[in-house]
Amino acid sequence: KLAVVIVLGPAAIAVVAFEVMLNATSMFNHSNVSIPLRLDRVLRFLVVTPDMHRVHHSIIRRETNSNFGFNLPWWDYLFRTYVPQPKDSHEHMSIGVKELRDEHQTERLTGMLQLPFLSNSKRKPSYQPVPNVGLMRM
């Protein structure tokens with residue numbers, strides 16, 4: 001990213017504004033906030049909403065391979081990777097990586113940081129779905 005900034009040479013304020021907007025939209029769509037359905041449907045044409053992006057974190061492969069955007073939704077519409085709702089509803093969907101569901105290994109930062117260095121045989125897969133925790137209502 002720094003190389004692109006250097007090559008294109010935008011004003012420092014433009015880079016700061018871009019980064020602030022990028023991080024704000026990322027924090028918004030990774031939030032655990034439930035937006036009223038009618039408002040969510042309208043917002044999905046402009047920004048990626050939490051419900052829209054949450055589908056991407058599902059353990060179901062078709063859903064994992066969808067809704068890649070985290071700020072602009074148009075790419076998913078254009079490349080037909082948009083999935084409007086999870087099969088099991090937002091309240092009952094399971095999120096995460098199916099093969100890495102061992103909470104003893106992934107509930108602590110140290111366990112998560114070790115994961116890339118463990119061979120597949122040392123990882124402890126657990127295939128029991130863990131439901132999504134409740135959504136915060138607006």
# chains A, B, ... in the order shown; residues from 1 in each chain; ligands from 1
>>> residues_around(residues="stretch 48-63 of chain A", least_positions_apart="5", cutoff="6 Å", atoms="only C-alpha atoms", output="NGL selection string")
:A and (29-30 or 70-73 or 86 or 94-98)
>>> atom_distance(atom1="atom CA of A:Gly69", atom2="atom CA of A:Arg44")
11.0 Å
>>> closest_residue(among="A:Pro116, A:Lys87, A:Val47, A:Leu78", to="A:Leu22", atoms="only C-alpha atoms")
A:Val47
>>> residues_around(residues="A:Val5", least_positions_apart="3", cutoff="12 Å", atoms="only C-alpha atoms", output="list in words")
Lys1, Leu2, Leu8, Gly9, Pro10, Ala11, Ala12, Ile13, Ala14, Val15, Val16, Phe18 and Glu19 of chain A
>>> write_last_selection(atoms="C-alpha atoms", output="PDB file, in the first residue's frame")
ATOM      1  CA  LYS A   1       0.000   0.000   0.000  1.00  0.00           C
ATOM      2  CA  LEU A   2       2.851   2.327   0.844  1.00  0.00           C
ATOM      3  CA  LEU A   8       0.664   7.941  -7.067  1.00  0.00           C
ATOM      4  CA  GLY A   9       1.680  10.719  -4.688  1.00  0.00           C
ATOM      5  CA  PRO A  10      -1.701  11.705  -3.223  1.00  0.00           C
ATOM      6  CA  ALA A  11      -1.919  14.427  -0.603  1.00  0.00           C
ATOM      7  CA  ALA A  12      -1.346  13.208   2.942  1.00  0.00           C
ATOM      8  CA  ILE A  13      -4.862  14.302   3.949  1.00  0.00           C
ATOM      9  CA  ALA A  14      -6.320  12.102   1.166  1.00  0.00           C
ATOM     10  CA  VAL A  15      -4.422   9.069   2.470  1.00  0.00           C
ATOM     11  CA  VAL A  16      -5.535   9.748   6.045  1.00  0.00           C
ATOM     12  CA  PHE A  18      -9.091   7.041   2.944  1.00  0.00           C
ATOM     13  CA  GLU A  19      -7.659   5.031   5.851  1.00  0.00           C
TER      14      GLU A  19
END
>>> atom_distance(atom1="atom CA of A:Ser26", atom2="atom CA of A:Val4")
20.8 Å
>>> atom_distance(atom1="atom CA of A:Ser89", atom2="atom CA of A:Trp75")
23.3 Å
>>> select_by_dssp(residues="stretch 19-128 of chain A", states="helix (DSSP H, G or I)", output="ChimeraX atom specification")
/A:19-29,37-43,50-57,61-64,74-78,89-92,98-100,103-106,109-117
>>> closest_residue(among="A:Asp88, A:Phe45, A:Leu115, A:Val33", to="A:Asp76", atoms="only C-alpha atoms")
A:Phe45
